[in-house]
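Q: Encoded as structure tokens, here's the structure I'll be asking about.
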Amino acid sequence: MTGVASLHGFIADAAERAGAHQRPRVSFEFFPPKTDKLEEILWESIRKLEPLAPNFVSVTYGAGGSTRDRTHRTVARIAAETSLKPAAHITCVDATRAEIDAVLAAYWAAGVRHIVALRGDPPGGAGAAYAPHPDGYAYAADLVAGARAVAPFEISVAIYPDRHPDSADWASEIDNFKRKLDAGASRGVSNFFVDAESFLRLRDRVAGAGISAAIVAGIMPVTNFTGFKKMAAAGKVSVPNWFARLFDGLDDDPETRRLVAAAASAELCARLSAEGVEDFHFYTLNRADLTLAICRVLGLSAAAGAQA
Ligand SMILES: Cc1cc2nc3c(=O)[nH]c(=O)nc-3n(C[C@H](O)[C@H](O)[C@H](O)COP(=O)(O)OP(=O)(O)OC[C@H]3O[C@@H](n4cnc5c(N)ncnc54)[C@H](O)[C@@H]3O)c2cc1C
């Protein structure tokens, strides 16, 4: 079956599944805005995506805690002013355990019950050598255990369909995921990936290790292919040539690029869904349009969200 034929079949099936209240679970990731204008765009996007009734929405934490206050403000506002369940990201980089515990306690006091616990990237960026803070949590598994001691948070952690660059092999990648679950995490949220096979093989590896926790497929629709390629290179995410060709020559044509990006992500979600994947996490980059379009293809709409 061609990709187009399978996408067509998928859209029809998705509409039926939505009618039968069998919706995929989605979550949305945002980053804390730097300016008033960007804050306005973020809140427009949150309001547009809210009716889809996501499982949760998460807010990232800038390298080394650089967005600590802005992350806190954004999650606290989501908790206070929307029907959404916010999840606050937090990292180990450049902070003592006491500092991190204080941030976690402040999240809990603001009504935040879900965190995404991460090691974080070194100050030199993804790919630079990592050294734990001498008084800090060394790795995400240590942070999960520490957070559990602060409050009974629901905890999500990261997992990598193309393997984390610091993992020597797949056995250490899966062992690390298991350590994070054993320390108290309840789900893995995947890094973005291009090839559905990467995620499906990861799912097999996780199941093969006897792990039953959910892994959520991280979907990054392409807004700017140059930025996408840079992020992929830093995280050693594989970008096949056929995918790069889709965006060839579209650097100055954002409208066509957006249509291509929506089609490519919808096709990826269709392929995953056909393989039984039911949880999708969208890296929205604070824009609603692409995520909204892809969610509709997945069978979600405001009405379906409200009925569920
Ligand atoms: C869903 C998602 C959300 C993210 N959000 C953010 C964010 O908000 N802010 C941000 O700065 N970054 C974020 N990141 C990026 C993340 O911080 C980086 O990918 C980071 O390099 C690894 O974080 P981790 O939690 O996966 O680390 P870990 O799970 O700690 O693993 C990192 C590496 O260390 C290895 N390792 C683990 N334990 C040990 C040990 N004891 N000894 C030696 N090696 C070990 C692992 O095998 C792995 O290769 C996010 C990533 C994802 C997938």
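Residues are named by chain letter and number: chains run A, B, ... in the order of the structure tokens, numbers start at 1 in each chain, and ligands are numbered from 1 in the order shown.
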So which residues of region 205-273 of chain A fall under helix (DSSP H, G or I) by DSSP, listed as a JSON list (two decimals) with C-alpha atoms, in the first residue's frame?

A:
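So part.json came out as:
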[["chain", "number", "residue", "atom", "x", "y", "z"],
["A", 205, "ARG", "CA", 13.19, -3.08, 22.89],
["A", 206, "VAL", "CA", 11.30, -1.66, 25.87],
["A", 207, "ALA", "CA", 8.73, -4.48, 25.76],
["A", 208, "GLY", "CA", 11.54, -7.02, 25.31],
["A", 225, "PHE", "CA", 13.92, 22.89, 8.36],
["A", 226, "THR", "CA", 17.32, 24.51, 9.05],
["A", 227, "GLY", "CA", 16.52, 24.67, 12.77],
["A", 228, "PHE", "CA", 15.12, 21.14, 12.68],
["A", 229, "LYS", "CA", 18.31, 19.79, 11.06],
["A", 230, "LYS", "CA", 20.46, 21.57, 13.67],
["A", 231, "MET", "CA", 18.47, 20.10, 16.56],
["A", 232, "ALA", "CA", 18.56, 16.68, 14.93],
["A", 233, "ALA", "CA", 22.35, 16.86, 14.45],
["A", 234, "ALA", "CA", 22.91, 17.93, 18.08],
["A", 241, "ASN", "CA", 17.48, 11.89, 2.63],
["A", 242, "TRP", "CA", 13.90, 11.37, 1.48],
["A", 243, "PHE", "CA", 12.75, 13.57, 4.37],
["A", 244, "ALA", "CA", 15.28, 16.32, 3.66],
["A", 245, "ARG", "CA", 14.17, 16.28, -0.01],
["A", 246, "LEU", "CA", 10.60, 17.15, 1.06],
["A", 254, "PRO", "CA", 6.84, 29.09, 4.73],
["A", 255, "GLU", "CA", 3.32, 28.43, 3.48],
["A", 256, "THR", "CA", 4.24, 25.44, 1.32],
["A", 257, "ARG", "CA", 6.66, 24.26, 4.01],
["A", 258, "ARG", "CA", 3.82, 24.22, 6.54],
["A", 259, "LEU", "CA", 1.60, 22.16, 4.26],
["A", 260, "VAL", "CA", 4.43, 19.69, 3.61],
["A", 261, "ALA", "CA", 5.23, 19.53, 7.34],
["A", 262, "ALA", "CA", 1.60, 18.80, 8.21],
["A", 263, "ALA", "CA", 1.40, 16.06, 5.57],
["A", 264, "ALA", "CA", 4.69, 14.48, 6.71],
["A", 265, "SER", "CA", 3.74, 14.47, 10.41],
["A", 266, "ALA", "CA", 0.23, 13.20, 9.65],
["A", 267, "GLU", "CA", 1.74, 10.34, 7.64],
["A", 268, "LEU", "CA", 4.12, 9.54, 10.52],
["A", 269, "CYS", "CA", 1.24, 9.53, 13.04],
["A", 270, "ALA", "CA", -0.87, 7.37, 10.70],
["A", 271, "ARG", "CA", 1.92, 4.82, 10.41],
["A", 272, "LEU", "CA", 2.42, 4.74, 14.20],
["A", 273, "SER", "CA", -1.29, 4.55, 14.87]]

Q: Neighbours of ligand 1 within 6 Å, counting only C-alpha atoms and all ligand atoms, as JSON, numbers by chain?

A: {"A": [60, 61, 62, 63, 89, 118, 119, 120, 121, 139, 140, 158, 159, 164, 165, 166, 167, 172, 173, 176, 189, 190, 191]}

Q: Between A:Asp182, A:Glu81, A:Asp13, A:Glu197, which residue has the minimum interatomic distance to Ser212 (chain A), considering only C-alpha atoms?

A: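 Among the listed residues, the smallest separation from Ser212 (chain A) belongs to A:Asp182.
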
Q: Just the number, please: distance in Å from CA of Asp195 (chain A) to CA of Ser301 (chain A), one decimal.

A: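 Distance between the two atoms: 26.0 Å.
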
Q: Need to verify the contact set: Lys180 (chain A), 9 Å, only C-alpha atoms, exclusion of same-chain residues closer than 6 positions in sequence. Can you return it as a PyMOL selection string?

A: chain A and resi 140-145+157+186

Q: For Gly276 (chain A), which of A:Val237, A:Val59, A:Val216, A:Leu49 is the closest residue, counting only C-alpha atoms?

A: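 Nearest candidate to Gly276 (chain A) out of A:Val237, A:Val59, A:Val216, A:Leu49: A:Val216.
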
Q: Determine the nearest neighbour of Ile174 (chain A) from the options A:Lys34, A:Arg201, A:Arg68, A:Arg148, counting only C-alpha atoms.

A: A:Arg201

Q: Please determine, counting only C-alpha atoms, which residue among A:Ala128, A:Val116, A:Ala288, A:Asp135 has the shortest atom-to-atom distance to Glu50 (chain A).

A: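 When distances to Glu50 (chain A) are compared using only C-alpha atoms, the smallest one comes from A:Ala288.
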
Q: Name the residues of region 85-212 of chain A that come out as strand (DSSP E or B) in a backbone DSSP run; write them as a list in words.

A: Pro86, Ala87, Ala88, His89, Ile90, Thr91, His114, Ile115, Val116, Ala117, Leu118, Glu154, Ile155, Ser156, Val157, Ala158, Ile159, Arg187, Gly188, Val189, Ser190, Asn191 and Phe192 of chain A

Q: Could you save those same residues with N, CA and C atoms as a short mmCIF file (atom, residue, chain, number, x, y, z; two decimals), in the first residue's frame?

A:
data_model
loop_
_atom_site.label_atom_id
_atom_site.label_comp_id
_atom_site.auth_asym_id
_atom_site.auth_seq_id
_atom_site.Cartn_x
_atom_site.Cartn_y
_atom_site.Cartn_z
N PRO A 86 -1.01 20.87 33.81
CA PRO A 86 0.36 21.21 33.39
C PRO A 86 1.39 20.24 33.97
N ALA A 87 2.43 20.01 33.19
CA ALA A 87 3.59 19.25 33.67
C ALA A 87 4.79 20.17 33.52
N ALA A 88 5.55 20.35 34.59
CA ALA A 88 6.70 21.25 34.55
C ALA A 88 7.97 20.44 34.31
N HIS A 89 8.75 20.84 33.32
CA HIS A 89 10.06 20.19 33.11
C HIS A 89 11.02 20.72 34.16
N ILE A 90 11.97 19.88 34.54
CA ILE A 90 13.03 20.33 35.45
C ILE A 90 14.29 19.53 35.13
N THR A 91 15.45 20.18 35.25
CA THR A 91 16.71 19.49 34.89
C THR A 91 17.70 19.54 36.06
N HIS A 114 2.54 17.15 38.17
CA HIS A 114 3.23 16.31 37.18
C HIS A 114 4.51 17.01 36.77
N ILE A 115 5.62 16.30 36.80
CA ILE A 115 6.87 16.91 36.30
C ILE A 115 7.49 16.00 35.23
N VAL A 116 8.29 16.61 34.38
CA VAL A 116 9.10 15.87 33.42
C VAL A 116 10.54 16.02 33.91
N ALA A 117 11.10 14.94 34.43
CA ALA A 117 12.42 15.00 35.09
C ALA A 117 13.52 14.64 34.11
N LEU A 118 14.46 15.56 33.93
CA LEU A 118 15.50 15.42 32.90
C LEU A 118 16.88 15.71 33.45
N GLU A 154 3.42 12.90 39.80
CA GLU A 154 3.44 12.02 38.64
C GLU A 154 4.68 12.43 37.84
N ILE A 155 5.47 11.47 37.40
CA ILE A 155 6.76 11.84 36.77
C ILE A 155 6.91 11.18 35.40
N SER A 156 7.18 12.00 34.40
CA SER A 156 7.52 11.50 33.06
C SER A 156 9.01 11.71 32.84
N VAL A 157 9.60 10.86 32.02
CA VAL A 157 11.04 10.98 31.73
C VAL A 157 11.28 10.85 30.23
N ALA A 158 12.48 11.16 29.81
CA ALA A 158 12.81 11.14 28.38
C ALA A 158 13.31 9.76 27.94
N ILE A 159 13.04 9.46 26.67
CA ILE A 159 13.59 8.25 26.05
C ILE A 159 13.84 8.58 24.57
N ARG A 187 6.11 7.09 32.96
CA ARG A 187 6.03 7.00 31.49
C ARG A 187 7.29 7.62 30.86
N GLY A 188 7.56 7.17 29.66
CA GLY A 188 8.63 7.78 28.88
C GLY A 188 8.02 8.62 27.77
N VAL A 189 8.57 9.81 27.58
CA VAL A 189 8.15 10.65 26.45
C VAL A 189 9.33 10.67 25.50
N SER A 190 9.09 10.33 24.24
CA SER A 190 10.24 10.18 23.34
C SER A 190 10.71 11.51 22.78
N ASN A 191 11.98 11.54 22.50
CA ASN A 191 12.53 12.63 21.70
C ASN A 191 11.88 12.58 20.32
N PHE A 192 11.98 13.65 19.55
CA PHE A 192 11.41 13.61 18.20
C PHE A 192 12.24 12.66 17.34
#

Q: Go through A:Val222, A:Val57, A:Leu200, A:Leu42 one by one, measure the shortest atom-to-atom distance of each to Arg25 (chain A) using only C-alpha atoms, and give the residue with the smallest value.

A: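 Smallest separation from Arg25 (chain A) among the options: A:Val57.
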
Q: List the neighbours of Glu99 (chain A) out to 10 Å using only C-alpha atoms; skip same-chain residues closer than 6 positions along the sequence, and give me the result as JSON, numbers by chain.

A: {"A": [92, 105, 135, 136]}

Q: Name the residues in contact with Thr291 (chain A) at a cut-off of 12 Å, using only C-alpha atoms, excluding same-chain residues fewer than 2 positions from it; report them as a PyMOL selection string.

A: chain A and resi 26-30+45-46+48-50+52+54+218-223+258-259+261-263+265-266+269+280-289+293-298+300-301

Q: Excluding Ala147 (chain A) and any residue of its chain fewer than 5 positions from it, enumerate the residues within 8 Å of it, using only C-alpha atoms, and give them as a PDB file with C-alpha atoms, in the first residue's frame.

A:
ATOM      1  CA  ASP A 101      14.109  20.614  45.754  1.00  0.00           C
ATOM      2  CA  LEU A 104       9.924  21.282  43.068  1.00  0.00           C
ATOM      3  CA  PRO A 152       4.136  12.445  45.292  1.00  0.00           C
ATOM      4  CA  PHE A 153       4.450  13.885  41.767  1.00  0.00           C
TER       5      PHE A 153
END

Q: Which of these, A:Glu278, A:Asp175, A:Asp251, A:Asp169, has the shortest distance to Ile215 (chain A) once you count only C-alpha atoms?

A: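 When distances to Ile215 (chain A) are compared using only C-alpha atoms, the smallest one comes from A:Glu278.
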
Q: How far is it from CA of Gly249 (chain A) to CA of Leu290 (chain A), in Å with one decimal?

A: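 These two atoms are separated by 20.1 Å.
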
Q: In Å to one decimal, how far is CA of Ala126 (chain A) from CA of Ala95 (chain A)?

A: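 Distance between the two atoms: 17.7 Å.
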